[in-house]
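Student: Structure below; questions to follow.
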Amino acid sequence: MSASLHRLANGVRIVCDPMPGLETFALSVVIGRGARYETQDQSGWCHLLEHMVFKGAGSRSSRDIVEHIEAEGGNINAATGYERTSFQVRALKGGLPLAMEIVSDLIRRPTLVPADMVREKQVIAQEIAEAADAPDDYVFDLAQTAAFGAHPLGRPILGTSASVETATPQSLEAFRAHLYDPSAIVVCAAGAVDEAELLALTERWFGDAPASGLDLSATAPEPVQFVGGAQPKVRRLEQAHLVLMLPAPSARNDDYFALRVFSEILGGGMSSRLFQEARERRGLAYAIDAYADTYADAGVLGVYAGCAAKDGLELAKVTAGEIMGLAERTESGELARAKAQLKSSLFMARESALARAEQAAGQVLLFDRLFSTQEIGASIDQVEASDVQRLGSSLLEPRMTATAALGAKGAAAAAEGFSRALHGL
């Protein structure tokens, strides 16, 4: 049974993905907007709004929201990203009407009580401080700034205590009305769901959602460019944390799957080039892996490593060498392993109702269509060694890097060393 895509008159899109044999379902209502849609003064407001809607919505208090969901054997959660915000419910079969009503209230009818906002700002200030105290999190915020500068993608999703503090219930409500425009909403349900029931419930709870009245093309997020740079921070830590980045294709680019394969071969597992060379052969790092982060119009290839500060420079050189080597030659065995790993991750995720719902929402928001597992698998299989090498050359061509180093003073040399080893800069 395949997933189906529908659209309401006001622009809300619906995905129904039944999974025979399941006794539970996952509902994911995803808004195709996130921290990227904030001005600098609004930095962190998407995340604040996500917190605030759970303090009370519709006729329910904060406690009512969770108690009513849990009484159906379910759980409720939310997440804020740069390009989307999602609200998720997992519950027993038969709980979809309640889940849809509550999520609709969260998105459309939050109460935004001033006293709750004062308390929640204090909670978020603690969250911001906690993130700064976690070096393996903070180093990624530094790397985002190095890659994208003053653009919203270069700012932490949590924002700053100062920018969060400026929000009022009135300004946050106006922000919500624009951010959660029905044209940006995708309602996805997977698992033990009935299509007719899902369509009727979505029409009931979202069908009368009014458009914001704003010119959406005029308020679209500004295009982003990879600006590059270094963000070394000295901190007394036992271990140095490094993130080394190159500009890469976007999620919509034809080279998306070549990028994923390149990342997998470079540092996607214990058989990857970086793990074998940097950890197993040289003992330069306990943790090292490569990843690809992609957005609608940009992407990065990144490498994260935790190492002794004294080894940071050598590790950066090794990383640069492996990237250049992969751009020159790809072995058939490692190409086959990378494809198998990517398809395995895809197929395993398809066994989770929530993962299926989230994947479907991402596809609809980026392409306004659904892709079958077979279609994605075929795209992975079509990647050839020449595609990986061409992708590698395109990563190096701009002669730009973004680096972040957090730890003892000696770790800062890794940031410069990576650029120098790749480009002689």
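Simple scheme: letters A, B, ... for chains in structure tokens order, numbers from 1 for residues in each chain, numbers from 1 for ligands in the order shown.
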Show me a table, sorted first by chain and then by increasing residue number, of the residues of range 29-52 of chain A having an atom at most 12 Å from range 288-298 of chain A, each with its shortest atom pair and the distance in Å to one decimal, counting only C-alpha atoms and written as a Markdown table.
Tutor:
| residue | atom | partner | partner_atom | distance |
| --- | --- | --- | --- | --- |
| A:Gly32 | CA | A:Ala296 | CA | 10.7 |
| A:Arg33 | CA | A:Ala296 | CA | 11.4 |
| A:Gly34 | CA | A:Tyr295 | CA | 11.8 |
| A:Arg36 | CA | A:Tyr295 | CA | 10.3 |
Student: Tell me, as a VMD selection string, which residues lie within 10 Å of Ser161 in chain A, counting only C-alpha atoms; anything in the same chain fewer than 6 positions away does not count.
Tutor: chain A and resid 43 to 44 121 to 122 124 to 129
Student: At a cut-off of 10 Å, using only C-alpha atoms, what residues contact Gly407 in chain A? Leave out same-chain residues fewer than 3 positions from it and give the result as an mmCIF file with N, CA and C atoms, in the first residue's frame.
Tutor:
data_model
loop_
_atom_site.group_PDB
_atom_site.id
_atom_site.type_symbol
_atom_site.label_atom_id
_atom_site.label_comp_id
_atom_site.auth_asym_id
_atom_site.auth_seq_id
_atom_site.Cartn_x
_atom_site.Cartn_y
_atom_site.Cartn_z
ATOM 1 N N PRO A 135 30.601 21.098 24.723
ATOM 2 C CA PRO A 135 31.507 21.431 23.616
ATOM 3 C C PRO A 135 31.194 20.728 22.311
ATOM 4 N N VAL A 139 30.481 23.458 19.285
ATOM 5 C CA VAL A 139 31.401 23.540 18.153
ATOM 6 C C VAL A 139 30.639 23.559 16.821
ATOM 7 N N PRO A 232 37.958 29.619 15.742
ATOM 8 C CA PRO A 232 38.674 28.926 16.823
ATOM 9 C C PRO A 232 38.337 29.546 18.182
ATOM 10 N N LYS A 233 38.039 28.737 19.169
ATOM 11 C CA LYS A 233 37.740 29.203 20.525
ATOM 12 C C LYS A 233 38.592 28.417 21.510
ATOM 13 N N VAL A 234 39.314 29.141 22.341
ATOM 14 C CA VAL A 234 40.152 28.494 23.353
ATOM 15 C C VAL A 234 39.316 28.253 24.601
ATOM 16 N N ARG A 235 39.334 27.021 25.069
ATOM 17 C CA ARG A 235 38.617 26.665 26.294
ATOM 18 C C ARG A 235 39.381 25.526 26.961
ATOM 19 N N ARG A 236 39.404 25.561 28.266
ATOM 20 C CA ARG A 236 40.130 24.513 28.999
ATOM 21 C C ARG A 236 39.302 23.238 29.001
ATOM 22 N N LEU A 237 39.666 22.338 28.093
ATOM 23 C CA LEU A 237 38.970 21.065 27.941
ATOM 24 C C LEU A 237 39.991 19.946 27.846
ATOM 25 N N GLU A 238 39.571 18.751 28.232
ATOM 26 C CA GLU A 238 40.457 17.602 28.122
ATOM 27 C C GLU A 238 40.652 17.190 26.668
ATOM 28 N N GLN A 239 39.636 17.454 25.847
ATOM 29 C CA GLN A 239 39.670 17.043 24.446
ATOM 30 C C GLN A 239 39.336 18.229 23.556
ATOM 31 N N ALA A 240 39.952 18.291 22.391
ATOM 32 C CA ALA A 240 39.612 19.322 21.414
ATOM 33 C C ALA A 240 38.493 18.797 20.509
ATOM 34 N N HIS A 241 37.621 19.709 20.103
ATOM 35 C CA HIS A 241 36.518 19.359 19.211
ATOM 36 C C HIS A 241 36.684 20.155 17.924
ATOM 37 N N LEU A 242 36.664 19.460 16.798
ATOM 38 C CA LEU A 242 36.893 20.087 15.496
ATOM 39 C C LEU A 242 35.717 19.828 14.573
ATOM 40 N N GLY A 306 36.830 14.466 17.595
ATOM 41 C CA GLY A 306 37.279 14.762 18.950
ATOM 42 C C GLY A 306 38.662 14.179 19.117
ATOM 43 N N CYS A 307 39.609 15.013 19.536
ATOM 44 C CA CYS A 307 40.999 14.554 19.594
ATOM 45 C C CYS A 307 41.755 15.339 20.663
ATOM 46 N N ALA A 308 42.977 14.918 20.940
ATOM 47 C CA ALA A 308 43.866 15.704 21.791
ATOM 48 C C ALA A 308 44.253 16.972 21.034
ATOM 49 N N ALA A 309 44.331 18.097 21.745
ATOM 50 C CA ALA A 309 44.632 19.371 21.085
ATOM 51 C C ALA A 309 45.935 19.296 20.290
ATOM 52 N N GLY A 312 45.429 18.000 16.747
ATOM 53 C CA GLY A 312 44.446 18.647 15.890
ATOM 54 C C GLY A 312 44.981 19.002 14.513
ATOM 55 N N GLY A 410 46.322 24.875 21.409
ATOM 56 C CA GLY A 410 46.934 24.195 20.271
ATOM 57 C C GLY A 410 45.943 23.727 19.226
ATOM 58 N N ALA A 411 44.665 23.571 19.607
ATOM 59 C CA ALA A 411 43.666 23.078 18.663
ATOM 60 C C ALA A 411 43.376 24.086 17.563
ATOM 61 N N ALA A 412 43.598 25.373 17.845
ATOM 62 C CA ALA A 412 43.293 26.411 16.862
ATOM 63 C C ALA A 412 44.087 26.225 15.574
#
Student: Just the strand (DSSP E or B) stuff from range 205-424 of chain A, please, per backbone DSSP, written as an MDAnalysis selection string.
Tutor: chainID A and resid 229:234 240:248 287:294 299:307 402:407
Student: Could you list, as a ChimeraX atom specification, every residue within 6 Å of range 100-107 of chain A, counting only C-alpha atoms and ignoring same-chain residues fewer than 5 positions away?
Tutor: /A:53,57-58
Student: Can those selected residues be exported to a file as a JSON list (two decimals), in the first residue's frame so that it contains C-alpha atoms?
Tutor:
[["chain", "number", "residue", "atom", "x", "y", "z"],
["A", 53, "VAL", "CA", 2.44, 26.50, 22.42],
["A", 57, "ALA", "CA", -3.55, 25.87, 23.53],
["A", 58, "GLY", "CA", -7.26, 25.90, 22.73]]
Student: Could you tell me, as number ranges by chain, which residues of range 336-421 of chain A DSSP assigns to alpha helix (DSSP H) when given the backbone?
Tutor: A: 336-349, 353-367, 373-381, 385-396, 412-421
Student: I'd like the contact shell of Phe54 in chain A - 9 Å cut-off, only C-alpha atoms, skipping same-chain residues fewer than 4 positions apart - returned as a PyMOL selection string.
Tutor: chain A and resi 49-50+61-63+65-66+106+110
Student: Show me, as a tab-separated table, the residues of range 370-394 of chain A having an atom within 6 Å of range 324-343 of chain A, each with the closest atom pair and its distance in Å, using only C-alpha atoms.
Tutor:
residue	atom	partner	partner_atom	distance
A:Ala385	CA	A:Thr330	CA	5.6
A:Gln389	CA	A:Ala327	CA	4.3
A:Gly392	CA	A:Ala327	CA	4.3
A:Ser393	CA	A:Ala327	CA	5.7
Student: List as a PDB file with N, CA and C atoms, in the first residue's frame the protein and nucleic acid residues near Ser59 in chain A, meaning an atom at most 9 Å away when only C-alpha atoms are counted, but skip any in the same chain fewer than 5 places from it.
Tutor:
ATOM      1  N   ASP A  64      -3.093  19.473  30.683  1.00  0.00           N
ATOM      2  CA  ASP A  64      -4.140  18.792  29.922  1.00  0.00           C
ATOM      3  C   ASP A  64      -3.596  18.206  28.621  1.00  0.00           C
ATOM      4  N   ASP A 105      -4.621  22.735  17.753  1.00  0.00           N
ATOM      5  CA  ASP A 105      -4.639  23.792  18.773  1.00  0.00           C
ATOM      6  C   ASP A 105      -3.245  24.382  18.991  1.00  0.00           C
ATOM      7  N   ARG A 109      -4.013  27.806  17.830  1.00  0.00           N
ATOM      8  CA  ARG A 109      -4.699  28.465  18.938  1.00  0.00           C
ATOM      9  C   ARG A 109      -3.909  28.443  20.243  1.00  0.00           C
ATOM     10  N   THR A 111      -2.352  29.870  23.625  1.00  0.00           N
ATOM     11  CA  THR A 111      -2.862  30.946  24.479  1.00  0.00           C
ATOM     12  C   THR A 111      -1.824  32.041  24.729  1.00  0.00           C
TER      13      THR A 111
END
Student: Return the single residue from A:Ala405, A:Ala248, A:Ala131, A:Ile76 that is closest to Thr160 in chain A, with distances computed using only C-alpha atoms.
Tutor: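 Nearest candidate to Thr160 in chain A out of A:Ala405, A:Ala248, A:Ala131, A:Ile76: A:Ala131.
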Student: Report the distance between CA of Gly267 in chain A and CA of Thr403 in chain A in Å, rounded to one decimal place.
Tutor: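 Between these atoms lies a distance of 17.0 Å.
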Student: Identify which of the residues A:Glu384, A:Glu358, A:Glu203, A:Asp41 lies closest to Ser171 in chain A, counting only C-alpha atoms when measuring atom-to-atom distances.
Tutor: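 Using only C-alpha atoms, Ser171 in chain A sits closest to A:Asp41.
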Student: Measuring atom to atom with only C-alpha atoms, identify which of A:Thr401, A:Ser344, A:Gln144, A:Thr166 is nearest to Leu246 in chain A.
Tutor: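 Among the listed residues, A:Thr401 lies closest to Leu246 in chain A.
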Student: Here is a test: counting only C-alpha atoms, which residue of A:Ala287, A:Ala78, A:Ala209, A:Ile376 is nearest to Phe347 in chain A?
Tutor: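 The closest residue to Phe347 in chain A is A:Ile376.
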